[in-house]
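Asks: So here's target.pdb (PDB, C-alpha atoms).
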ATOM      1  CA  MET A 269      12.154  10.156 -22.594  1.00  0.00           C
ATOM      2  CA  CYS A 270      12.326   9.601 -18.865  1.00  0.00           C
ATOM      3  CA  GLU A 271      13.996   6.400 -17.669  1.00  0.00           C
ATOM      4  CA  ASP A 272      13.561   6.936 -13.926  1.00  0.00           C
ATOM      5  CA  VAL A 273      11.583   9.248 -11.698  1.00  0.00           C
ATOM      6  CA  ILE A 274      13.286  10.182  -8.448  1.00  0.00           C
ATOM      7  CA  PRO A 275      11.358  12.156  -5.824  1.00  0.00           C
ATOM      8  CA  PHE A 276      13.011  15.377  -4.664  1.00  0.00           C
ATOM      9  CA  SER A 277      13.073  13.941  -1.148  1.00  0.00           C
ATOM     10  CA  GLU A 278      15.414  11.197  -2.418  1.00  0.00           C
ATOM     11  CA  ILE A 279      18.057  13.577  -3.781  1.00  0.00           C
ATOM     12  CA  PRO A 280      21.136  13.237  -1.566  1.00  0.00           C
ATOM     13  CA  SER A 281      22.117  16.383   0.330  1.00  0.00           C
ATOM     14  CA  GLU A 282      24.846  17.673   2.597  1.00  0.00           C
ATOM     15  CA  LEU A 283      24.276  20.042   5.476  1.00  0.00           C
ATOM     16  CA  TRP A 284      27.200  22.473   5.648  1.00  0.00           C
ATOM     17  CA  ILE A 285      27.701  24.204   8.988  1.00  0.00           C
ATOM     18  CA  GLN A 286      30.209  27.052   9.041  1.00  0.00           C
ATOM     19  CA  PHE A 287      32.019  28.357  12.106  1.00  0.00           C
ATOM     20  CA  GLN A 288      34.108  31.541  12.143  1.00  0.00           C
ATOM     21  CA  ASN A 289      37.072  29.701  13.675  1.00  0.00           C
ATOM     22  CA  GLN A 290      37.956  26.929  16.087  1.00  0.00           C
ATOM     23  CA  ALA A 291      37.203  29.110  19.119  1.00  0.00           C
ATOM     24  CA  HIS A 292      33.700  29.797  17.782  1.00  0.00           C
ATOM     25  CA  TYR A 293      33.254  26.065  17.125  1.00  0.00           C
ATOM     26  CA  HIS A 294      34.096  25.248  20.757  1.00  0.00           C
ATOM     27  CA  GLN A 295      31.789  28.028  21.969  1.00  0.00           C
ATOM     28  CA  VAL A 296      28.680  26.638  20.219  1.00  0.00           C
ATOM     29  CA  HIS A 297      29.678  22.971  19.959  1.00  0.00           C
ATOM     30  CA  ASP A 298      27.248  21.626  22.572  1.00  0.00           C
ATOM     31  CA  ALA A 299      24.231  23.453  21.144  1.00  0.00           C
ATOM     32  CA  VAL A 300      25.028  22.414  17.561  1.00  0.00           C
ATOM     33  CA  MET A 301      25.602  18.771  18.452  1.00  0.00           C
ATOM     34  CA  ALA A 302      22.379  18.670  20.496  1.00  0.00           C
ATOM     35  CA  ALA A 303      20.436  19.967  17.483  1.00  0.00           C
ATOM     36  CA  LEU A 304      22.070  17.329  15.247  1.00  0.00           C
ATOM     37  CA  ARG A 305      21.281  14.548  17.747  1.00  0.00           C
ATOM     38  CA  ASN A 306      17.595  15.471  17.613  1.00  0.00           C
ATOM     39  CA  SER A 307      17.391  14.933  13.865  1.00  0.00           C
ATOM     40  CA  GLU A 308      17.463  11.658  11.984  1.00  0.00           C
ATOM     41  CA  GLY A 309      17.672  11.357   8.247  1.00  0.00           C
ATOM     42  CA  LYS A 310      19.939  10.530   5.336  1.00  0.00           C
ATOM     43  CA  ASP A 311      21.713  13.842   4.746  1.00  0.00           C
ATOM     44  CA  HIS A 312      25.412  14.028   5.585  1.00  0.00           C
ATOM     45  CA  VAL A 313      26.857  16.760   7.819  1.00  0.00           C
ATOM     46  CA  VAL A 314      29.949  18.796   6.950  1.00  0.00           C
ATOM     47  CA  LEU A 315      31.594  21.161   9.445  1.00  0.00           C
ATOM     48  CA  TYR A 316      33.705  24.036   8.116  1.00  0.00           C
ATOM     49  CA  LEU A 317      36.042  26.347  10.050  1.00  0.00           C
ATOM     50  CA  ARG A 318      36.348  29.499   7.915  1.00  0.00           C
ATOM     51  CA  GLU A 319      39.579  31.021   9.271  1.00  0.00           C
ATOM     52  CA  GLU A 320      41.409  27.688   9.371  1.00  0.00           C
ATOM     53  CA  LYS A 321      39.864  26.507   6.075  1.00  0.00           C
ATOM     54  CA  ALA A 322      39.321  23.128   7.715  1.00  0.00           C
ATOM     55  CA  VAL A 323      36.596  20.707   6.646  1.00  0.00           C
ATOM     56  CA  LYS A 324      35.325  17.767   8.663  1.00  0.00           C
ATOM     57  CA  ARG A 325      32.695  15.376   7.343  1.00  0.00           C
ATOM     58  CA  LEU A 326      30.798  13.668  10.145  1.00  0.00           C
ATOM     59  CA  SER A 327      30.318   9.905   9.925  1.00  0.00           C
ATOM     60  CA  ALA A 328      27.146   8.363   8.515  1.00  0.00           C
ATOM     61  CA  ASN A 329      25.750   7.730  11.997  1.00  0.00           C
ATOM     62  CA  TRP A 330      25.355  11.535  12.257  1.00  0.00           C
ATOM     63  CA  ALA A 331      23.073  11.634   9.168  1.00  0.00           C
ATOM     64  CA  VAL A 332      20.235  14.136   9.621  1.00  0.00           C
ATOM     65  CA  ASP A 333      17.190  15.586   7.905  1.00  0.00           C
ATOM     66  CA  ALA A 334      18.866  18.770   6.671  1.00  0.00           C
ATOM     67  CA  ARG A 335      15.689  20.735   6.102  1.00  0.00           C
ATOM     68  CA  GLY A 336      12.876  21.892   8.328  1.00  0.00           C
ATOM     69  CA  LEU A 337      13.281  22.190  12.079  1.00  0.00           C
ATOM     70  CA  LEU A 338      16.971  21.306  12.190  1.00  0.00           C
ATOM     71  CA  HIS A 339      17.841  23.964   9.629  1.00  0.00           C
ATOM     72  CA  ALA A 340      15.820  26.559  11.547  1.00  0.00           C
ATOM     73  CA  ASP A 341      17.416  25.560  14.885  1.00  0.00           C
ATOM     74  CA  LEU A 342      20.937  25.800  13.474  1.00  0.00           C
ATOM     75  CA  CYS A 343      20.183  29.193  11.898  1.00  0.00           C
ATOM     76  CA  LYS A 344      19.120  30.466  15.341  1.00  0.00           C
ATOM     77  CA  ILE A 345      22.407  29.265  16.839  1.00  0.00           C
ATOM     78  CA  LEU A 346      24.779  30.269  14.014  1.00  0.00           C
ATOM     79  CA  GLY A 347      22.943  32.725  11.771  1.00  0.00           C
ATOM     80  CA  ASP A 348      21.379  32.104   8.358  1.00  0.00           C
ATOM     81  CA  CYS A 349      24.588  32.642   6.405  1.00  0.00           C
ATOM     82  CA  ASN A 350      26.395  29.838   8.266  1.00  0.00           C
ATOM     83  CA  VAL A 351      23.987  26.981   7.493  1.00  0.00           C
ATOM     84  CA  LYS A 352      23.540  25.680   3.970  1.00  0.00           C
ATOM     85  CA  VAL A 353      21.966  22.615   2.357  1.00  0.00           C
ATOM     86  CA  VAL A 354      23.811  21.477  -0.760  1.00  0.00           C
ATOM     87  CA  GLU A 355      22.078  19.017  -3.064  1.00  0.00           C
ATOM     88  CA  LYS A 356      24.404  16.457  -4.569  1.00  0.00           C
ATOM     89  CA  THR A 357      24.219  15.032  -8.070  1.00  0.00           C
ATOM     90  CA  ILE A 358      22.154  11.939  -8.678  1.00  0.00           C
ATOM     91  CA  GLN A 359      24.230   8.967  -9.690  1.00  0.00           C
ATOM     92  CA  LYS A 360      22.680   6.793 -12.364  1.00  0.00           C
ATOM     93  CA  LYS A 361      22.210   3.240 -11.089  1.00  0.00           C
ATOM     94  CA  ASN A 362      23.537   0.474 -13.270  1.00  0.00           C
ATOM     95  CA  LYS A 363      20.780  -1.929 -14.166  1.00  0.00           C
ATOM     96  CA  THR A 364      21.702  -5.561 -14.238  1.00  0.00           C
ATOM     97  CA  THR A 365      19.936  -7.838 -16.667  1.00  0.00           C
TER      98      THR A 365
END
Go ahead and render the structure in this file as structure tokens.

Replies:
Amino acid sequence: MCEDVIPFSEIPSELWIQFQNQAHYHQVHDAVMAALRNSEGKDHVVLYLREEKAVKRLSANWAVDARGLLHADLCKILGDCNVKVVEKTIQKKNKTT
């Protein structure tokens, strides 16, 4: 039995953007940030530096629409293997009676 129906568009996601290293991050920083600025949504952004194994989660005011044009723009800048959308688990809401 289904208690709630949640549209796929409401499933929380994270946009993971991978950079080879800090030097690569600085090289493409302006282009990546411009692409992020042009997208508004509810998906959180996570930056990952592969060589340094460093993770930075951008604040909620950087929330984007992780799919569509933004994803395509970032793939052009960084390559397909460096941009990934990760769907998060859905947390059951407590109903108050």

Asks: Run the PyMOL selection byres ((chain A and resi 291-298) around 12) against the file shown and list the residues it catches, as an MDAnalysis selection string.

Replies: chainID A and resid 285:290 299:305 315:320 322 342 344:347 350

Asks: Report as a list in words the residues that result from applying the PyMOL selection byres ((chain A and resi 333) around 7) to the structure here.

Replies: Ser307, Glu308, Gly309, Lys310, Asp311, Val332, Ala334 and Arg335 of chain A

Asks: Can you pull out every residue within 8 Å of stretch 271-283 of chain A, counting only C-alpha atoms, but drop anything in the same chain fewer than 3 positions away, and send it as an mmCIF file with C-alpha atoms, in the frame of the given file?

Replies:
data_model
loop_
_atom_site.group_PDB
_atom_site.id
_atom_site.type_symbol
_atom_site.label_atom_id
_atom_site.label_comp_id
_atom_site.auth_asym_id
_atom_site.auth_seq_id
_atom_site.Cartn_x
_atom_site.Cartn_y
_atom_site.Cartn_z
ATOM 1 C CA LYS A 310 19.939 10.530 5.336
ATOM 2 C CA ASP A 311 21.713 13.842 4.746
ATOM 3 C CA HIS A 312 25.412 14.028 5.585
ATOM 4 C CA VAL A 313 26.857 16.760 7.819
ATOM 5 C CA VAL A 314 29.949 18.796 6.950
ATOM 6 C CA ALA A 334 18.866 18.770 6.671
ATOM 7 C CA VAL A 351 23.987 26.981 7.493
ATOM 8 C CA LYS A 352 23.540 25.680 3.970
ATOM 9 C CA VAL A 353 21.966 22.615 2.357
ATOM 10 C CA VAL A 354 23.811 21.477 -0.760
ATOM 11 C CA GLU A 355 22.078 19.017 -3.064
ATOM 12 C CA LYS A 356 24.404 16.457 -4.569
ATOM 13 C CA THR A 357 24.219 15.032 -8.070
ATOM 14 C CA ILE A 358 22.154 11.939 -8.678
#

Asks: Could you please determine the separation between atom CA of A:Ala340 and atom CA of A:Lys324 in Å, to one decimal place?

Replies: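 So the two atoms, atom CA of A:Ala340 and atom CA of A:Lys324, lie 21.6 Å apart.
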